[in-house]
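Source file: input_26.csv (CSV, C-alpha atoms)
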chain,number,residue,atom,x,y,z
S,16,MET,CA,-66.3,-84.0,-101.0
S,17,ARG,CA,-68.3,-84.7,-97.8
S,18,GLY,CA,-65.6,-87.2,-96.7
S,19,ILE,CA,-62.9,-84.4,-97.0
S,20,ARG,CA,-65.0,-82.0,-95.0
S,21,TYR,CA,-65.7,-84.7,-92.4
S,22,ALA,CA,-62.1,-85.5,-91.9
S,23,ARG,CA,-61.1,-81.9,-91.8
S,24,ALA,CA,-63.8,-81.1,-89.2
S,25,ARG,CA,-62.4,-83.9,-87.0
S,26,GLY,CA,-58.9,-82.6,-87.0
S,27,ALA,CA,-57.2,-85.0,-89.5
S,28,ARG,CA,-53.8,-83.8,-90.6
S,29,ILE,CA,-53.5,-86.1,-93.6
S,30,ILE,CA,-56.3,-87.2,-95.9
S,31,ASN,CA,-55.8,-90.1,-98.2
S,32,ILE,CA,-58.2,-90.4,-101.1
S,33,SER,CA,-58.0,-93.8,-102.9
S,34,PHE,CA,-60.6,-93.3,-105.7
S,35,GLY,CA,-60.7,-91.4,-108.9
S,36,GLY,CA,-62.5,-90.5,-112.1
S,37,GLY,CA,-62.3,-88.2,-115.1
S,38,GLY,CA,-64.5,-85.4,-114.1
S,39,TYR,CA,-63.5,-82.1,-112.6
S,40,SER,CA,-65.7,-80.8,-109.8
S,41,PRO,CA,-65.4,-77.2,-108.5
S,42,PRO,CA,-67.0,-78.2,-105.1
S,43,GLU,CA,-64.4,-80.9,-104.7
S,44,GLN,CA,-61.5,-78.5,-105.4
S,45,GLU,CA,-63.1,-76.0,-103.0
S,46,ALA,CA,-63.3,-78.8,-100.3
S,47,ILE,CA,-59.6,-79.6,-100.9
S,48,ASP,CA,-58.6,-75.9,-100.8
S,49,ALA,CA,-60.5,-75.5,-97.5
S,50,ALA,CA,-58.7,-78.6,-96.1
S,51,VAL,CA,-55.3,-77.2,-97.3
S,52,SER,CA,-56.0,-73.8,-95.7
S,53,SER,CA,-56.5,-75.6,-92.4
S,54,GLY,CA,-53.1,-77.2,-92.6
S,55,VAL,CA,-54.1,-80.6,-94.0
S,56,LEU,CA,-51.9,-82.7,-96.4
S,57,VAL,CA,-54.1,-84.3,-99.1
S,58,ILE,CA,-52.7,-87.4,-100.9
S,59,ALA,CA,-54.6,-89.1,-103.7
S,60,ALA,CA,-54.2,-92.1,-105.9
S,61,ALA,CA,-53.3,-91.1,-109.5
S,62,GLY,CA,-55.8,-93.5,-111.1
S,63,ASN,CA,-55.8,-96.8,-112.8
S,64,SER,CA,-56.6,-96.0,-116.4
S,65,GLY,CA,-53.2,-97.0,-117.7
S,66,ARG,CA,-53.1,-93.9,-119.8
S,67,ALA,CA,-51.7,-90.4,-119.7
S,68,ARG,CA,-54.7,-88.4,-118.6
S,69,ARG,CA,-56.1,-86.2,-115.8
S,70,GLU,CA,-58.0,-88.1,-113.2
S,71,PHE,CA,-59.5,-86.5,-110.2
S,72,PRO,CA,-58.9,-86.0,-107.3
S,73,GLY,CA,-55.3,-86.7,-108.2
S,74,ALA,CA,-55.2,-83.8,-110.7
S,75,TYR,CA,-56.6,-81.2,-108.4
S,76,ARG,CA,-54.4,-78.4,-107.2
S,77,HIS,CA,-52.6,-78.9,-103.8
S,78,VAL,CA,-52.9,-82.7,-104.0
S,79,LEU,CA,-50.0,-85.2,-104.0
S,80,ALA,CA,-50.9,-87.6,-106.8
S,81,VAL,CA,-49.3,-90.9,-106.4
S,82,ALA,CA,-48.5,-93.4,-109.2
S,83,ALA,CA,-47.8,-97.1,-108.7
S,84,VAL,CA,-44.6,-98.9,-109.6
S,85,ASP,CA,-43.4,-102.5,-109.5
S,86,ASP,CA,-40.4,-104.0,-107.7
S,87,ALA,CA,-38.1,-102.8,-110.6
S,88,GLY,CA,-39.3,-99.2,-110.2
S,89,ARG,CA,-41.3,-99.3,-113.4
S,90,PRO,CA,-44.9,-97.9,-113.6
S,91,ILE,CA,-47.4,-100.8,-113.5
S,92,PRO,CA,-49.5,-101.1,-116.7
S,93,THR,CA,-52.6,-99.7,-115.1
S,94,SER,CA,-51.0,-96.6,-113.4
S,95,THR,CA,-52.3,-93.3,-114.7
S,96,ALA,CA,-49.6,-90.9,-116.0
S,97,GLY,CA,-49.4,-87.2,-116.5
S,98,GLN,CA,-47.9,-83.9,-115.4
S,99,GLN,CA,-50.0,-84.1,-112.2
S,100,ILE,CA,-48.0,-87.0,-110.8
S,101,ALA,CA,-46.1,-86.0,-107.8
S,102,LEU,CA,-44.6,-89.2,-106.5
S,103,SER,CA,-44.6,-93.0,-107.0
S,104,ALA,CA,-44.7,-95.8,-104.5
S,105,PRO,CA,-44.9,-99.6,-104.6
S,106,GLY,CA,-48.3,-100.7,-105.9
S,107,ALA,CA,-47.9,-104.1,-107.4
S,108,ASP,CA,-49.1,-107.2,-105.6
S,109,ILE,CA,-49.4,-105.5,-102.2
S,110,LEU,CA,-50.9,-107.3,-99.2
S,111,SER,CA,-54.1,-105.5,-98.3
S,112,THR,CA,-57.4,-105.9,-96.5
S,113,THR,CA,-60.1,-107.4,-98.6
S,114,PRO,CA,-63.7,-108.3,-97.8
S,115,GLY,CA,-63.5,-111.2,-95.4
S,116,GLY,CA,-59.8,-111.0,-94.8
S,117,TYR,CA,-56.6,-110.2,-96.6
S,118,GLY,CA,-55.4,-110.5,-100.2
S,119,ARG,CA,-52.8,-109.1,-102.7
S,120,LEU,CA,-53.9,-106.2,-104.8
S,121,SER,CA,-52.3,-103.8,-107.3
S,122,GLY,CA,-53.1,-100.2,-108.1
S,123,THR,CA,-52.4,-96.6,-107.2
S,124,SER,CA,-54.6,-96.9,-104.2
S,125,MET,CA,-52.0,-99.1,-102.6
S,126,ALA,CA,-49.3,-96.7,-103.6
S,127,ALA,CA,-51.1,-93.7,-102.2
S,128,ALA,CA,-51.4,-95.5,-98.8
S,129,VAL,CA,-47.6,-96.1,-98.7
S,130,VAL,CA,-47.0,-92.4,-99.3
S,131,THR,CA,-49.5,-91.5,-96.6
S,132,GLY,CA,-47.7,-93.7,-94.2
S,133,VAL,CA,-44.4,-92.1,-95.0
S,134,ALA,CA,-45.9,-88.6,-94.6
S,135,ALA,CA,-47.3,-89.6,-91.2
S,136,ARG,CA,-43.9,-90.9,-90.1
S,137,VAL,CA,-42.1,-87.8,-91.1
S,138,TRP,CA,-44.7,-85.6,-89.4
S,139,ALA,CA,-44.5,-87.7,-86.2
S,140,VAL,CA,-40.8,-87.1,-86.0
S,141,ARG,CA,-41.0,-83.4,-87.0
S,142,PRO,CA,-44.4,-82.2,-85.8
S,143,ASN,CA,-43.6,-78.5,-86.3
S,144,LEU,CA,-43.5,-78.9,-90.1
S,145,THR,CA,-46.4,-77.5,-92.2
S,146,ALA,CA,-48.3,-79.7,-94.7
S,147,ALA,CA,-46.6,-77.9,-97.5
S,148,GLN,CA,-43.2,-78.6,-96.0
S,149,VAL,CA,-44.0,-82.3,-95.6
S,150,ALA,CA,-45.1,-82.5,-99.3
S,151,THR,CA,-41.9,-80.7,-100.4
S,152,ILE,CA,-39.7,-83.1,-98.3
S,153,LEU,CA,-41.4,-86.1,-99.9
S,154,GLU,CA,-40.8,-84.8,-103.4
S,155,THR,CA,-37.3,-83.6,-103.0
S,156,SER,CA,-36.1,-86.7,-101.1
S,157,ALA,CA,-37.6,-89.2,-103.6
S,158,THR,CA,-35.4,-91.6,-105.4
S,159,ASP,CA,-35.3,-90.6,-109.1
S,160,LEU,CA,-36.7,-93.2,-111.5
S,161,GLY,CA,-36.4,-93.4,-115.3
S,162,ASP,CA,-34.9,-90.4,-117.1
S,163,PRO,CA,-33.3,-87.8,-114.8
S,164,GLY,CA,-35.8,-85.4,-113.3
S,165,ARG,CA,-39.6,-85.5,-113.1
S,166,ASP,CA,-41.4,-88.0,-115.3
S,167,PRO,CA,-45.1,-88.2,-116.2
S,168,GLY,CA,-45.1,-91.8,-115.1
S,169,THR,CA,-43.4,-91.6,-111.7
S,170,GLY,CA,-43.3,-87.8,-110.8
S,171,ALA,CA,-40.3,-86.9,-108.7
S,172,GLY,CA,-39.5,-90.5,-108.1
S,173,LEU,CA,-40.0,-93.3,-105.6
S,174,VAL,CA,-40.9,-92.2,-102.1
S,175,ASN,CA,-37.9,-92.7,-99.8
S,176,LEU,CA,-38.6,-92.8,-96.0
S,177,ALA,CA,-35.0,-92.8,-94.9
S,178,ARG,CA,-34.1,-89.8,-97.0
S,179,ALA,CA,-37.3,-88.0,-96.1
S,180,LEU,CA,-36.5,-88.4,-92.4
S,181,ALA,CA,-33.0,-86.9,-92.9
S,182,ALA,CA,-34.0,-84.2,-95.3
S,183,PRO,CA,-33.3,-80.5,-94.4
S,184,THR,CA,-36.3,-78.4,-93.5
S,185,PRO,CA,-37.6,-76.6,-96.6
S,186,VAL,CA,-38.6,-72.9,-96.8
S,187,ARG,CA,-41.9,-72.4,-95.0
S,188,ASP,CA,-44.4,-71.5,-97.8
S,189,SER,CA,-46.9,-68.7,-97.5
S,190,ALA,CA,-50.4,-69.4,-96.5
S,191,GLU,CA,-52.0,-71.7,-99.0
S,192,PRO,CA,-54.0,-71.8,-101.1
S,193,ASN,CA,-53.3,-68.4,-102.7
S,194,ASP,CA,-53.7,-69.3,-106.4
S,195,ASP,CA,-55.6,-66.2,-107.3
S,196,PRO,CA,-56.5,-62.7,-105.9
S,197,ARG,CA,-59.7,-64.0,-104.4
S,198,GLN,CA,-57.8,-66.6,-102.3
S,199,ALA,CA,-55.0,-64.1,-101.5
S,200,ALA,CA,-57.5,-61.8,-99.9
S,201,ARG,CA,-57.7,-64.4,-97.0
S,202,THR,CA,-53.9,-64.4,-96.4
S,203,ARG,CA,-51.5,-61.9,-94.9
S,204,PRO,CA,-50.5,-59.1,-97.4
S,205,ALA,CA,-47.0,-58.8,-98.6
S,206,LEU,CA,-47.2,-55.1,-98.0
S,207,GLY,CA,-50.1,-53.2,-96.5
S,208,GLY,CA,-50.7,-49.7,-95.4
S,209,THR,CA,-49.5,-46.7,-97.4
S,210,GLY,CA,-46.3,-44.6,-97.6
S,211,THR,CA,-42.7,-45.8,-97.9
S,212,GLY,CA,-42.4,-49.4,-96.9
S,213,ALA,CA,-40.8,-52.8,-97.7
S,214,GLY,CA,-41.9,-56.4,-97.5
S,215,VAL,CA,-40.2,-59.8,-98.0
S,216,VAL,CA,-42.1,-63.0,-98.7
S,217,ARG,CA,-40.6,-66.5,-99.1
S,218,GLY,CA,-42.6,-69.2,-100.8
S,219,GLN,CA,-42.5,-72.1,-103.2
S,220,VAL,CA,-44.2,-73.0,-106.5
S,221,GLY,CA,-44.3,-76.0,-108.7
S,222,PRO,CA,-45.6,-76.8,-112.2
S,223,TRP,CA,-48.8,-78.6,-111.2
S,224,ARG,CA,-49.6,-78.9,-107.5
S,225,ASP,CA,-49.0,-75.2,-106.7
S,226,PRO,CA,-48.3,-73.4,-110.0
S,227,ARG,CA,-48.9,-69.8,-108.8
S,228,ASP,CA,-48.9,-67.7,-105.6
S,229,HIS,CA,-50.6,-64.3,-105.1
S,230,TYR,CA,-49.8,-61.6,-102.6
S,231,ARG,CA,-51.7,-58.4,-101.8
S,232,VAL,CA,-49.9,-55.1,-102.0
S,233,THR,CA,-51.5,-51.7,-101.3
S,234,ILE,CA,-50.4,-48.9,-103.5
S,235,GLY,CA,-51.5,-45.3,-103.1
S,236,ALA,CA,-52.0,-42.8,-105.8
S,237,GLY,CA,-48.6,-41.5,-107.0
S,238,GLU,CA,-46.8,-44.3,-105.2
S,239,ARG,CA,-44.4,-46.7,-107.0
S,240,ILE,CA,-43.6,-50.2,-106.1
S,241,THR,CA,-40.6,-52.2,-107.2
S,242,VAL,CA,-41.0,-56.0,-107.0
S,243,THR,CA,-37.9,-58.3,-107.2
S,244,LEU,CA,-38.2,-62.0,-107.6
S,245,THR,CA,-35.3,-64.4,-107.0
S,246,GLY,CA,-35.8,-68.1,-107.5
S,247,PRO,CA,-33.8,-71.3,-108.3
S,248,GLN,CA,-31.3,-71.3,-111.1
S,249,ASN,CA,-32.7,-74.4,-112.8
S,250,ALA,CA,-36.3,-73.1,-113.0
S,251,ASP,CA,-38.2,-70.3,-114.8
S,252,LEU,CA,-40.4,-68.2,-112.6
S,253,ASP,CA,-42.3,-65.2,-113.8
S,254,LEU,CA,-43.7,-62.1,-112.1
S,255,ARG,CA,-47.0,-60.3,-112.7
S,256,LEU,CA,-48.9,-57.4,-111.1
S,257,TRP,CA,-52.7,-57.5,-111.3
S,258,ARG,CA,-55.0,-54.5,-110.8
S,259,PRO,CA,-57.5,-54.1,-108.0
S,260,GLY,CA,-60.6,-56.1,-108.4
S,261,THR,CA,-59.0,-58.8,-110.6
S,262,PRO,CA,-61.3,-61.9,-110.5
S,263,GLY,CA,-60.1,-65.5,-110.7
S,264,TYR,CA,-57.4,-66.0,-113.2
S,265,ARG,CA,-58.3,-66.7,-116.9
S,266,SER,CA,-55.7,-67.7,-119.5
S,267,ASN,CA,-56.6,-65.4,-122.4
S,268,ALA,CA,-55.4,-62.2,-124.0
S,269,ARG,CA,-58.6,-60.2,-123.2
S,270,PHE,CA,-58.3,-61.0,-119.5
S,271,ALA,CA,-54.7,-59.8,-119.5
S,272,ARG,CA,-55.5,-56.6,-121.4
S,273,THR,CA,-58.2,-55.8,-118.9
S,274,TRP,CA,-56.5,-56.6,-115.6
S,275,LEU,CA,-52.7,-56.9,-116.0
S,276,ALA,CA,-50.8,-53.8,-114.7
S,277,ALA,CA,-47.2,-54.9,-115.3
S,278,ALA,CA,-45.2,-58.1,-115.8
S,279,SER,CA,-41.6,-59.3,-115.9
S,280,ILE,CA,-41.4,-62.5,-118.0
S,281,GLY,CA,-37.9,-63.7,-118.8
S,282,ALA,CA,-36.2,-67.1,-119.2
S,283,THR,CA,-34.9,-67.3,-115.7
S,284,SER,CA,-36.2,-67.0,-112.1
S,285,SER,CA,-34.7,-63.5,-111.6
S,286,GLU,CA,-37.4,-61.0,-112.4
S,287,ARG,CA,-38.0,-57.3,-111.6
S,288,LEU,CA,-40.8,-54.9,-112.3
S,289,ARG,CA,-41.9,-51.4,-111.4
S,290,PHE,CA,-45.3,-49.8,-111.4
S,291,THR,CA,-46.6,-46.4,-110.4
S,292,ALA,CA,-50.3,-46.2,-109.5
S,293,THR,CA,-52.5,-43.3,-110.7
S,294,SER,CA,-55.3,-44.3,-108.3
S,295,PRO,CA,-55.1,-46.1,-104.9
S,296,GLY,CA,-56.0,-49.8,-104.5
S,297,VAL,CA,-55.0,-53.2,-103.4
S,298,HIS,CA,-53.0,-54.9,-106.2
S,299,SER,CA,-52.0,-58.6,-106.5
S,300,VAL,CA,-48.4,-59.7,-107.1
S,301,GLU,CA,-48.3,-63.1,-108.7
S,302,VAL,CA,-45.4,-65.5,-108.9
S,303,VAL,CA,-45.8,-68.1,-111.7
S,304,ALA,CA,-44.0,-71.4,-112.3
S,305,ALA,CA,-43.5,-71.3,-116.0
S,306,ARG,CA,-40.9,-74.2,-115.9
S,307,GLY,CA,-39.6,-76.2,-113.0
S,308,SER,CA,-40.2,-75.6,-109.3
S,309,GLY,CA,-38.6,-74.5,-106.1
S,310,PRO,CA,-38.4,-71.9,-103.4
S,311,TYR,CA,-38.2,-68.2,-104.1
S,312,THR,CA,-37.8,-64.8,-102.4
S,313,LEU,CA,-40.1,-61.9,-103.2
S,314,ARG,CA,-39.1,-58.4,-102.2
S,315,VAL,CA,-41.5,-55.4,-102.5
S,316,LEU,CA,-40.5,-51.8,-102.1
S,317,ARG,CA,-43.1,-49.0,-102.0
S,318,GLU,CA,-42.1,-45.3,-102.3
S,319,PRO,CA,-43.7,-42.0,-103.3
S,320,VAL,CA,-42.8,-40.5,-106.7
S,321,THR,CA,-43.7,-37.3,-108.4
S,322,GLN,CA,-43.7,-38.7,-111.9
S,323,GLY,CA,-43.9,-42.4,-112.8
S,324,SER,CA,-44.7,-45.0,-115.3
S,325,THR,CA,-45.4,-48.7,-115.6
S,326,THR,CA,-42.4,-50.7,-116.5
S,327,GLY,CA,-41.8,-54.4,-117.0
S,328,PHE,CA,-40.8,-56.9,-119.6
S,329,PRO,CA,-43.2,-57.3,-122.5
S,330,LEU,CA,-45.6,-60.2,-122.5
S,331,GLY,CA,-43.6,-62.2,-125.0
S,332,ARG,CA,-44.5,-65.6,-123.4
S,333,GLY,CA,-47.2,-66.9,-121.2
S,334,PRO,CA,-46.9,-69.3,-118.3
S,335,SER,CA,-47.3,-73.0,-118.7
S,336,ASP,CA,-50.8,-74.5,-118.5
S,337,SER,CA,-52.0,-75.4,-115.1
S,338,PRO,CA,-55.0,-77.2,-113.8
S,339,ARG,CA,-58.1,-75.1,-113.1
Conversion result in structure tokens:
Amino acid sequence: MRGIRYARARGARIINISFGGGGYSPPEQEAIDAAVSSGVLVIAAAGNSGRARREFPGAYRHVLAVAAVDDAGRPIPTSTAGQQIALSAPGADILSTTPGGYGRLSGTSMAAAVVTGVAARVWAVRPNLTAAQVATILETSATDLGDPGRDPGTGAGLVNLARALAAPTPVRDSAEPNDDPRQAARTRPALGGTGTGAGVVRGQVGPWRDPRDHYRVTIGAGERITVTLTGPQNADLDLRLWRPGTPGYRSNARFARTWLAAASIGATSSERLRFTATSPGVHSVEVVAARGSGPYTLRVLREPVTQGSTTGFPLGRGPSDSPR
């Protein structure tokens, strides 16, 4: 935690963390969130348990967790697996520094160092990219391993420097982290003020590293907002509207009954909801990655109405679990 803060305070753009364990620490997550909000890319070793489990810091939000593979592209026996794995890199019999000189070591620490080097190279060539864009490039340009698509052992695949350097520039994500209303309060609102108005936000979500985005929307008494979400065809993104004062997200029915104003939860990434406020306040619009990942466009329209109601698809299904 202190190392993350130290590196951030001294202007590091990439932080490599090559250690891990099984315990979740809120202060560590907060230190990572603070680094990410400053534009830092955080890369961590997935862990060397050889099991499918959460190991931290690799399993924290907004971290690129790196697994280790051998020359054949297979996860080495000790590499930790899980839904948190973002990428994989060579991690078997790697020449490294050791006490007193050099030696060959195996593990996810070596793999994380490889991904860190690739990220640094991409950023050196394209310095105007954000940390989130660099992370997206590394994931979308990786060479797929194993079964088609993401795998718990190798993530998006083997990091590929040549393809990363040639990759198109991804959508610039909104200010991160904005995982809950509390964090969104520190970012630019999707729609502020009062009266008739419209706003457009473009962002990106994924199943683990960045599963949800929140945006503030001010709604006056008797005003109605219409929120439209358009995402990738091969993913399932959901849309929710939370009431003013909603605390950090909790995955339970009581929390939803208390704070949820409206929702559109379908099987695709095209969602739409309407809500009319009976009292004024700053609401929070949430985009959730229920399945898959990718960029999206969020459009918010606010207009006065004489009579209105809350509409939205019924809550027939909740989002996929995400780390907390």
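Among the candidates S:Arg197, S:Arg119, S:Arg178, S:Arg272, the one nearest to Tyr230 in chain S when counting all atoms listed in the file is S:Arg197.
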Counting only C-alpha atoms, closest pick from S:Thr211, S:Gln148, S:Ser103, S:Thr241 relative to Gly168 in chain S is S:Ser103
List the neighbours of range 251-258 of chain S out to 7 Å using all atoms listed in the file; skip same-chain residues closer than 2 positions along the sequence, and give me the result as a PyMOL selection string.
chain S and resi 246+260-261+274-284+286+298-307
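Among the candidate residues S:Pro72, S:Val81, S:Tyr264, S:Ala128, the one lying nearest to Thr169 in chain S is S:Val81, with distances computed using all atoms listed in the file.
Distances here use all atoms listed in the file; by that measure, the residue among S:His77, S:Arg317, S:Arg269, S:Arg69 closest to Trp223 in chain S is S:His77.
Of the residues under consideration (S:His229, S:Pro105, S:Pro183, S:Val174), S:His229 shows the shortest atom-to-atom contact distance to Asp195 in chain S when counting all atoms listed in the file.
Distance check against Glu45 in chain S using only C-alpha atoms: of S:Ser156, S:Ser189, S:Thr113, S:Gln198, the minimum falls on S:Gln198.
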Show which residues sit within 9 Å of Thr145 in chain S, as a list of chain:residue names. Count all atoms listed in the file, and ignore same-chain residues fewer than 6 positions away.
S:Gly54, S:Val55, S:Leu56, S:Trp138, S:Arg187, S:Asp188
For the residues in that selection, give me C-alpha atoms as a JSON list (two decimals), in the frame of the given file.
[["chain", "number", "residue", "atom", "x", "y", "z"],
["S", 54, "GLY", "CA", -53.10, -77.20, -92.60],
["S", 55, "VAL", "CA", -54.10, -80.60, -94.00],
["S", 56, "LEU", "CA", -51.90, -82.70, -96.40],
["S", 138, "TRP", "CA", -44.70, -85.60, -89.40],
["S", 187, "ARG", "CA", -41.90, -72.40, -95.00],
["S", 188, "ASP", "CA", -44.40, -71.50, -97.80]]
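A straight line drawn from CA of Arg224 in chain S to CA of Ile109 in chain S is 27.1 Å long.
What separates CA of Pro196 in chain S from CA of Ser266 in chain S is a distance of 14.5 Å.
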If you count all atoms listed in the file, which residues fall within 9 Å of Ile19 in chain S, apart from same-chain ones fewer than 2 positions away, as number ranges by chain?
S: 16-17, 21-24, 30, 32, 43, 46-47, 50
Would you export the selected residues with C-alpha atoms as a PDB file, in the coordinates of the input, please?
ATOM      1  CA  MET S  16     -66.300 -84.000-101.000  1.00  0.00           C
ATOM      2  CA  ARG S  17     -68.300 -84.700 -97.800  1.00  0.00           C
ATOM      3  CA  TYR S  21     -65.700 -84.700 -92.400  1.00  0.00           C
ATOM      4  CA  ALA S  22     -62.100 -85.500 -91.900  1.00  0.00           C
ATOM      5  CA  ARG S  23     -61.100 -81.900 -91.800  1.00  0.00           C
ATOM      6  CA  ALA S  24     -63.800 -81.100 -89.200  1.00  0.00           C
ATOM      7  CA  ILE S  30     -56.300 -87.200 -95.900  1.00  0.00           C
ATOM      8  CA  ILE S  32     -58.200 -90.400-101.100  1.00  0.00           C
ATOM      9  CA  GLU S  43     -64.400 -80.900-104.700  1.00  0.00           C
ATOM     10  CA  ALA S  46     -63.300 -78.800-100.300  1.00  0.00           C
ATOM     11  CA  ILE S  47     -59.600 -79.600-100.900  1.00  0.00           C
ATOM     12  CA  ALA S  50     -58.700 -78.600 -96.100  1.00  0.00           C
TER      13      ALA S  50
END
Exercise: Gly235 in chain S partners within 8 Å, only C-alpha atoms, chain neighbours under 6 positions left out, as a ChimeraX atom specification:
/S:209-210,292-296
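Going from CA of Thr245 in chain S to CA of Ala190 in chain S covers 19.1 Å.
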From the structure just shown, export range 23-35 of chain S with N, CA and C atoms as a compact mmCIF listing (two decimals), in the first residue's frame.
# COMPACT_ATOMS: atom_id res chain seq x y z
N ARG S 23 3.10 6.56 -6.86
CA ARG S 23 2.17 7.56 -7.39
C ARG S 23 2.66 8.96 -7.09
N ALA S 24 3.13 9.19 -5.87
CA ALA S 24 3.57 10.53 -5.47
C ALA S 24 4.76 11.00 -6.30
N ARG S 25 5.53 10.05 -6.83
CA ARG S 25 6.71 10.41 -7.61
C ARG S 25 6.51 10.32 -9.10
N GLY S 26 5.24 10.27 -9.50
CA GLY S 26 4.91 10.42 -10.91
C GLY S 26 5.00 9.17 -11.75
N ALA S 27 5.01 7.99 -11.15
CA ALA S 27 5.05 6.76 -11.94
C ALA S 27 3.78 6.64 -12.77
N ARG S 28 3.92 6.21 -14.02
CA ARG S 28 2.76 6.00 -14.87
C ARG S 28 2.34 4.53 -14.88
N ILE S 29 3.27 3.64 -14.58
CA ILE S 29 2.97 2.21 -14.50
C ILE S 29 3.52 1.69 -13.18
N ILE S 30 2.70 0.94 -12.47
CA ILE S 30 3.13 0.31 -11.22
C ILE S 30 3.03 -1.20 -11.40
N ASN S 31 4.16 -1.87 -11.23
CA ASN S 31 4.19 -3.33 -11.30
C ASN S 31 4.25 -3.88 -9.87
N ILE S 32 3.33 -4.80 -9.55
CA ILE S 32 3.29 -5.41 -8.22
C ILE S 32 3.50 -6.91 -8.38
N SER S 33 4.64 -7.38 -7.94
CA SER S 33 4.97 -8.80 -8.08
C SER S 33 5.00 -9.49 -6.72
N PHE S 34 3.89 -9.43 -6.05
CA PHE S 34 3.70 -10.23 -4.84
C PHE S 34 2.21 -10.48 -4.71
N GLY S 35 1.80 -11.36 -3.81
CA GLY S 35 0.38 -11.63 -3.69
C GLY S 35 0.04 -12.45 -2.47
